[in-house]
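The file start-v6.txt comes next; it holds compact mmCIF, C-alpha atoms.
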```txt
# COMPACT_ATOMS: atom_id res chain seq x y z
CA MET Q 687 85.78 133.80 84.47
CA ALA Q 688 88.54 133.74 81.85
CA THR Q 689 91.32 131.22 82.06
CA ALA Q 690 94.90 131.79 81.05
CA ALA Q 691 95.98 129.75 78.04
CA PRO Q 692 99.38 128.12 78.50
CA SER Q 693 102.22 129.80 76.64
CA ALA Q 694 104.27 127.85 74.11
CA ALA Q 695 107.11 127.55 76.61
CA SER Q 696 104.90 126.20 79.37
CA ARG Q 697 102.47 123.88 77.59
CA ILE Q 698 103.66 120.65 79.22
CA ALA Q 699 101.96 119.51 82.43
CA VAL Q 700 103.28 116.49 84.35
CA VAL Q 701 100.73 114.73 86.56
CA THR Q 702 101.85 112.04 89.01
CA GLY Q 703 99.58 109.34 90.38
CA ALA Q 704 97.56 109.52 87.18
CA SER Q 705 96.47 105.89 87.02
CA GLY Q 706 93.04 106.83 88.38
CA GLY Q 707 91.08 109.09 90.69
CA ILE Q 708 92.18 112.70 91.13
CA GLY Q 709 95.31 112.30 89.01
CA ALA Q 710 93.50 110.95 85.96
CA ALA Q 711 90.73 113.53 86.28
CA THR Q 712 93.29 116.33 86.57
CA ALA Q 713 95.12 115.13 83.47
CA ARG Q 714 91.87 115.18 81.49
CA GLN Q 715 91.01 118.71 82.61
CA LEU Q 716 94.48 120.14 82.01
CA ALA Q 717 94.53 118.54 78.56
CA ALA Q 718 91.18 120.15 77.80
CA ALA Q 719 92.66 123.48 78.96
CA GLY Q 720 95.37 123.23 76.31
CA TYR Q 721 98.26 121.50 78.05
CA ARG Q 722 100.16 118.55 76.66
CA VAL Q 723 99.93 116.27 79.65
CA VAL Q 724 102.48 113.68 80.68
CA VAL Q 725 100.70 111.11 82.84
CA THR Q 726 102.79 109.07 85.24
CA ALA Q 727 102.10 106.26 87.70
CA ARG Q 728 103.45 102.82 88.49
CA ARG Q 729 100.69 101.02 86.58
CA LYS Q 730 101.81 101.12 82.97
CA ASP Q 731 98.55 99.81 81.53
CA ARG Q 732 96.46 102.43 83.32
CA VAL Q 733 98.49 105.47 82.25
CA GLU Q 734 98.76 104.20 78.70
CA ALA Q 735 94.99 103.76 78.54
CA LEU Q 736 94.49 107.27 79.92
CA ALA Q 737 96.87 108.79 77.37
CA GLU Q 738 95.05 106.98 74.57
CA GLU Q 739 91.71 108.28 75.85
CA ILE Q 740 92.96 111.88 76.02
CA ASN Q 741 94.50 111.69 72.56
CA ALA Q 742 91.32 110.18 71.14
CA ALA Q 743 89.42 113.17 72.52
CA GLY Q 744 91.56 115.47 70.39
CA HIS Q 745 94.01 116.58 73.08
CA GLN Q 746 97.66 115.68 73.71
CA ALA Q 747 98.97 113.17 76.23
CA THR Q 748 101.97 110.94 76.77
CA ALA Q 749 102.21 108.05 79.23
CA TYR Q 750 105.33 107.42 81.30
CA PRO Q 751 105.34 104.60 83.88
CA LEU Q 752 107.13 105.94 86.98
CA ASP Q 753 107.58 105.18 90.67
CA VAL Q 754 107.98 108.58 92.32
CA THR Q 755 109.94 107.03 95.21
CA ASP Q 756 112.68 105.80 92.84
CA ARG Q 757 115.01 108.80 92.63
CA ALA Q 758 117.17 107.38 89.84
CA ALA Q 759 114.06 106.76 87.71
CA VAL Q 760 112.77 110.25 88.47
CA ASP Q 761 116.06 111.85 87.48
CA GLU Q 762 116.05 109.89 84.22
CA PHE Q 763 112.47 110.99 83.56
CA ALA Q 764 113.47 114.63 84.04
CA THR Q 765 116.08 114.44 81.29
CA ALA Q 766 113.27 114.14 78.73
CA PHE Q 767 112.34 117.81 79.18
CA ARG Q 768 113.96 121.15 78.48
CA THR Q 769 111.07 123.07 80.00
CA ILE Q 770 107.72 122.24 81.53
CA GLY Q 771 104.92 124.50 82.69
CA VAL Q 772 103.13 122.55 85.41
CA LEU Q 773 103.96 119.78 87.85
CA VAL Q 774 101.02 118.26 89.72
CA ASN Q 775 102.33 116.21 92.65
CA ASN Q 776 99.33 113.97 93.18
CA ALA Q 777 100.88 110.56 93.90
CA GLY Q 778 100.19 109.56 97.49
CA GLY Q 779 97.65 107.61 99.47
CA ALA Q 780 96.79 106.27 102.91
CA LEU Q 781 97.44 102.91 104.52
CA GLY Q 782 95.59 101.70 107.60
CA ALA Q 783 93.65 103.48 110.34
CA ASP Q 784 95.30 102.08 113.45
CA PRO Q 785 95.99 104.09 116.60
CA VAL Q 786 99.53 105.31 117.21
CA GLU Q 787 100.22 102.56 119.73
CA ALA Q 788 99.39 99.83 117.19
CA GLY Q 789 100.32 101.42 113.88
CA ASP Q 790 102.52 99.49 111.47
CA PRO Q 791 105.83 101.35 111.01
CA ALA Q 792 106.08 99.90 107.50
CA ASP Q 793 102.78 101.60 106.58
CA TRP Q 794 103.98 104.87 108.06
CA ARG Q 795 107.24 104.64 106.15
CA GLN Q 796 105.50 103.86 102.86
CA MET Q 797 103.07 106.77 103.28
CA TYR Q 798 105.93 109.15 104.02
CA GLU Q 799 107.98 107.86 101.08
CA THR Q 800 105.11 108.30 98.63
CA ASN Q 801 103.45 111.48 99.89
CA VAL Q 802 106.56 113.42 100.92
CA ILE Q 803 109.72 111.95 99.41
CA GLY Q 804 107.96 111.29 96.10
CA THR Q 805 106.85 114.92 95.98
CA LEU Q 806 110.36 116.03 96.91
CA ASN Q 807 111.90 113.86 94.18
CA LEU Q 808 109.71 115.21 91.37
CA THR Q 809 109.92 118.79 92.58
CA GLN Q 810 113.71 118.78 92.84
CA ALA Q 811 114.16 117.06 89.49
CA LEU Q 812 111.75 119.29 87.57
CA LEU Q 813 112.14 122.66 89.30
CA PRO Q 814 114.90 123.79 86.88
CA LYS Q 815 112.62 122.87 83.95
CA LEU Q 816 109.72 124.78 85.50
CA GLU Q 817 111.89 127.83 86.03
CA ALA Q 818 113.27 127.61 82.50
CA SER Q 819 109.72 127.99 81.15
CA GLY Q 820 109.57 131.47 82.65
CA ASP Q 821 106.11 130.72 84.05
CA GLY Q 822 106.06 127.47 86.03
CA THR Q 823 103.61 126.07 88.55
CA VAL Q 824 104.12 123.40 91.20
CA VAL Q 825 100.92 121.90 92.60
CA VAL Q 826 101.00 119.78 95.75
CA VAL Q 827 97.83 117.77 96.32
CA SER Q 828 97.81 117.36 100.08
CA SER Q 829 94.69 116.72 102.17
CA THR Q 830 92.67 118.28 104.94
CA ALA Q 831 94.40 115.54 106.96
CA GLY Q 832 97.54 117.66 106.67
CA HIS Q 833 95.80 120.50 108.48
CA GLY Q 834 93.95 118.70 111.28
CA THR Q 835 94.41 115.33 112.91
CA TYR Q 836 91.88 112.66 113.79
CA GLU Q 837 91.92 109.40 115.69
CA GLY Q 838 93.32 106.52 113.69
CA GLY Q 839 94.87 108.83 111.14
CA ALA Q 840 98.24 109.77 112.61
CA GLY Q 841 100.42 108.12 109.97
CA TYR Q 842 98.52 109.65 107.07
CA VAL Q 843 98.17 112.97 108.87
CA ALA Q 844 101.93 113.09 109.47
CA ALA Q 845 102.66 112.36 105.81
CA LYS Q 846 100.20 114.91 104.47
CA HIS Q 847 101.39 117.51 106.98
CA GLY Q 848 104.85 116.87 105.57
CA ALA Q 849 103.54 117.54 102.06
CA HIS Q 850 101.87 120.75 103.28
CA VAL Q 851 105.07 121.97 104.93
CA LEU Q 852 107.10 121.13 101.83
CA ALA Q 853 104.82 123.33 99.72
CA GLU Q 854 104.75 126.15 102.25
CA THR Q 855 108.53 126.18 102.65
CA LEU Q 856 109.24 125.93 98.93
CA ARG Q 857 107.05 128.96 98.32
CA LEU Q 858 109.16 130.98 100.77
CA GLU Q 859 112.43 129.76 99.32
CA ILE Q 860 111.75 130.50 95.64
CA VAL Q 861 109.83 133.76 95.93
CA GLY Q 862 110.99 136.11 93.20
CA ARG Q 863 111.56 133.27 90.75
CA PRO Q 864 109.00 132.59 87.98
CA VAL Q 865 107.40 129.56 89.65
CA ARG Q 866 104.18 129.47 91.65
CA VAL Q 867 103.55 126.95 94.43
CA ILE Q 868 99.92 125.89 94.90
CA GLU Q 869 98.54 123.52 97.51
CA VAL Q 870 95.14 121.90 97.07
CA ALA Q 871 93.85 120.10 100.17
CA PRO Q 872 90.78 117.92 99.52
CA GLY Q 873 88.53 116.60 102.25
CA MET Q 874 86.24 113.61 101.77
CA VAL Q 875 86.62 112.42 98.17
CA ARG Q 876 85.04 109.21 96.95
CA THR Q 877 87.27 107.64 94.30
CA GLU Q 878 87.49 104.08 93.09
CA GLY Q 879 90.57 103.19 95.09
CA PHE Q 880 91.49 105.49 98.00
CA ALA Q 881 89.55 103.90 100.88
CA LEU Q 882 89.85 100.41 99.40
CA THR Q 883 93.64 100.73 99.39
CA ARG Q 884 93.66 102.20 102.87
CA PHE Q 885 91.81 99.21 104.28
CA GLY Q 886 93.74 96.56 102.40
CA GLY Q 887 90.97 95.72 99.95
CA ASP Q 888 88.23 95.42 102.60
CA ALA Q 889 85.25 96.71 100.62
CA ASP Q 890 82.93 96.83 103.65
CA ARG Q 891 85.29 99.03 105.68
CA ALA Q 892 85.91 101.22 102.66
CA ALA Q 893 82.17 101.71 102.11
CA LYS Q 894 81.63 102.79 105.73
CA VAL Q 895 83.85 105.83 105.19
CA TYR Q 896 81.14 107.31 102.97
CA GLU Q 897 78.11 105.72 104.61
CA GLY Q 898 75.20 108.15 104.86
CA VAL Q 899 77.06 110.97 103.07
CA ALA Q 900 74.81 111.94 100.19
CA GLU Q 901 77.44 113.64 98.05
CA PRO Q 902 81.12 113.21 98.86
CA LEU Q 903 83.47 115.04 96.52
CA THR Q 904 84.37 113.31 93.28
CA ALA Q 905 87.74 113.17 91.57
CA ASP Q 906 86.35 115.60 88.97
CA ASP Q 907 85.44 118.09 91.71
CA VAL Q 908 89.02 118.18 92.95
CA ALA Q 909 90.48 118.20 89.43
CA ASP Q 910 88.29 121.20 88.65
CA THR Q 911 89.82 123.16 91.54
CA ILE Q 912 93.34 122.17 90.48
CA ALA Q 913 92.73 123.21 86.87
CA TRP Q 914 91.16 126.49 88.03
CA ALA Q 915 94.14 127.32 90.24
CA VAL Q 916 96.66 126.42 87.53
CA THR Q 917 94.91 128.53 84.88
CA ARG Q 918 94.80 131.75 86.89
CA PRO Q 919 96.90 134.58 85.43
CA SER Q 920 100.56 133.92 86.19
CA HIS Q 921 100.80 136.72 88.78
CA VAL Q 922 98.01 135.07 90.83
CA ASN Q 923 99.09 132.35 93.28
CA ILE Q 924 96.49 130.24 95.05
CA ASP Q 925 98.60 129.42 98.12
CA LEU Q 926 96.14 126.98 99.68
CA LEU Q 927 92.76 125.80 98.48
CA VAL Q 928 90.78 123.61 100.90
CA VAL Q 929 87.85 121.82 99.28
CA ARG Q 930 85.30 119.69 101.13
CA PRO Q 931 81.81 118.42 100.41
CA ARG Q 932 79.04 120.48 101.96
CA ALA Q 933 78.30 117.59 104.35
CA GLN Q 934 81.79 117.77 105.88
CA ALA Q 935 82.50 120.62 108.27
CA SER Q 936 85.83 119.19 109.47
CA ASN Q 937 87.77 115.94 109.47
CA THR Q 938 85.69 114.78 112.44
CA LYS Q 939 82.35 116.50 111.77
CA VAL Q 940 80.39 114.91 108.92
CA HIS Q 941 76.63 114.97 108.37
CA ARG Q 942 75.40 111.45 107.66
CA GLN Q 943 71.82 110.72 106.68
CA SER Q 944 70.21 107.86 108.57
```
Show me this structure written as structure tokens.
Amino acid sequence: MATAAPSAASRIAVVTGASGGIGAATARQLAAAGYRVVVTARRKDRVEALAEEINAAGHQATAYPLDVTDRAAVDEFATAFRTIGVLVNNAGGALGADPVEAGDPADWRQMYETNVIGTLNLTQALLPKLEASGDGTVVVVSSTAGHGTYEGGAGYVAAKHGAHVLAETLRLEIVGRPVRVIEVAPGMVRTEGFALTRFGGDADRAAKVYEGVAEPLTADDVADTIAWAVTRPSHVNIDLLVVRPRAQASNTKVHRQS
């Protein structure tokens, strides 16, 4: 199937949370599709290394260390652009798996700040630049957690539901303007850091998330769906794309080999 090459006015793609996992994989794929990618994350060394890798492969990338929850820093970042074509709101993450009665409010607050307020900050700051391109795309990387709850997941579910609702509402509010709003909701994805971060560095607990699952999704699998959605013709909007491994029928129904 043909992909739409980015126009000269919309060649820049900003990817948040690009220090690894889905964000880094998405940056690589969008760069290969012809975008000049701007990779952002808090870890300066990681985004700089990614930009160097992409440039060495013959594509175009720029690194910009950024904390998406710092609104002043986000607003300063936005001044660097006259127009951009794509914003991929990927920065997020989960912390803990405690029940509601024992959950740490600080974890809940941090998840909400990163997954929702961070997405809000970048979207508000860059929406005028996206519209100025005449053909902009906002991508919100949510999660199947935002569409169905599970025990021990309430804080993360609440945050990702917030991200889902942000995307859904924005699409209603800007209809008729030249900006698409796409939501990609991955299920079980095995990346180098997601579960490890969630469980505070406990490698054994992190490994149990994927135990017996022959083929969880990879970061490249999710990046492939993001790049596909972004490169559809500009009149085509992929409102919501849910992607799971074959072994996962729902958030609570997973086939595990013994």
Mind giving me the axis-aligned box for segment 876-883 of chain Q with 6 Å on every side, centre plus edges in Å to one decimal, as JSON?
```
{"center_x": 89.3, "center_y": 104.8, "center_z": 97.0, "size_x": 20.6, "size_y": 20.8, "size_z": 19.8}
```
Open item on the list: From the options Q:Gly841, Q:Pro864, Q:Gly879, Q:Pro902, which residue's atoms come nearest to Asp821 of chain Q, counting only C-alpha atoms?
Closed with: Q:Pro864
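Between Glu739 of chain Q and the residues Q:Asn923, Q:Val802, Q:Ala710, Q:Pro931, the shortest atom-to-atom distance, using only C-alpha atoms, involves Q:Ala710.
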Open item on the list: For a test of reading the model, state the distance in Å between atom CA of Lys846 of chain Q and atom CA of Ile740 of chain Q, rounded to one decimal.
Closed with: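 Going from atom CA of Lys846 of chain Q over to atom CA of Ile740 of chain Q, I get 29.5 Å.
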Task: For Ala900 of chain Q, the nearest of the candidates Q:Val867, Q:Leu812, Q:Ala780, Q:Met874, counting all atoms listed in the file - done: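 Of all the options, Q:Met874 lies closest to Ala900 of chain Q.
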- [ ] Take atom CA of Ala889 of chain Q and atom CA of Gly839 of chain Q and report the distance between them in Å, one decimal.
- [x] 18.7 Å
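Comparing Q:Asn937, Q:Ser944, Q:Ser705, Q:Thr800 by their smallest distance to Glu837 of chain Q, the closest is Q:Asn937 (using all atoms listed in the file).
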Task: Å distance separating atom CA of Thr877 of chain Q from atom CA of Leu903 of chain Q, one decimal place - done: 8.6 Å
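Shortest separation to Gly707 of chain Q among Q:Ile860, Q:Ala743, Q:Val908, Q:Ala915 occurs at residue Q:Val908, atoms counted being all atoms listed in the file.
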- [ ] Between Q:His941, Q:Ala840, Q:Ala913, Q:Tyr896, single out the one closest to Ala788 of chain Q, counting only C-alpha atoms.
- [x]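 Closest to Ala788 of chain Q of all the choices is Q:Ala840.
Neighbouring residues of Lys815 of chain Q at 6 Å or closer, counting only C-alpha atoms and skipping chain neighbours under 2 positions away, are Q:Arg768, Q:Thr769, Q:Ile770, Q:Leu812, Q:Leu813, Q:Glu817, Q:Ala818.
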Open item on the list: Excluding Gly822 of chain Q and its own-chain neighbours fewer than 2 positions away, which residues fall within 8 Å of it when counting only C-alpha atoms? Please give them as a ChimeraX atom specification.
Closed with: /Q:696,770-772,816-817,819-820,824,864-866
Need to verify the contact set: Arg729 of chain Q, 12 Å, only C-alpha atoms, exclusion of same-chain residues closer than 2 positions in sequence. Can you return it as a compact mmCIF listing (two decimals) with C-alpha atoms, in the frame of the given file?
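File produced: selection-v9.txt:
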```txt
# COMPACT_ATOMS: atom_id res chain seq x y z
CA THR Q 702 101.85 112.04 89.01
CA GLY Q 703 99.58 109.34 90.38
CA ALA Q 704 97.56 109.52 87.18
CA SER Q 705 96.47 105.89 87.02
CA GLY Q 706 93.04 106.83 88.38
CA VAL Q 725 100.70 111.11 82.84
CA THR Q 726 102.79 109.07 85.24
CA ALA Q 727 102.10 106.26 87.70
CA ASP Q 731 98.55 99.81 81.53
CA ARG Q 732 96.46 102.43 83.32
CA VAL Q 733 98.49 105.47 82.25
CA GLU Q 734 98.76 104.20 78.70
CA ALA Q 735 94.99 103.76 78.54
CA LEU Q 736 94.49 107.27 79.92
CA ALA Q 749 102.21 108.05 79.23
CA TYR Q 750 105.33 107.42 81.30
CA PRO Q 751 105.34 104.60 83.88
CA LEU Q 752 107.13 105.94 86.98
CA ASP Q 753 107.58 105.18 90.67
CA VAL Q 754 107.98 108.58 92.32
```
Task: Within 7 Å of segment 848-853 of chain Q using all atoms listed in the file, minus same-chain residues under 2 positions, as a list in words - done: Asn801, Val802, Val826, Ser828, Gly832, Ala844, Ala845, Lys846, Thr855, Leu856, Arg857, Val867 and Glu869 of chain Q
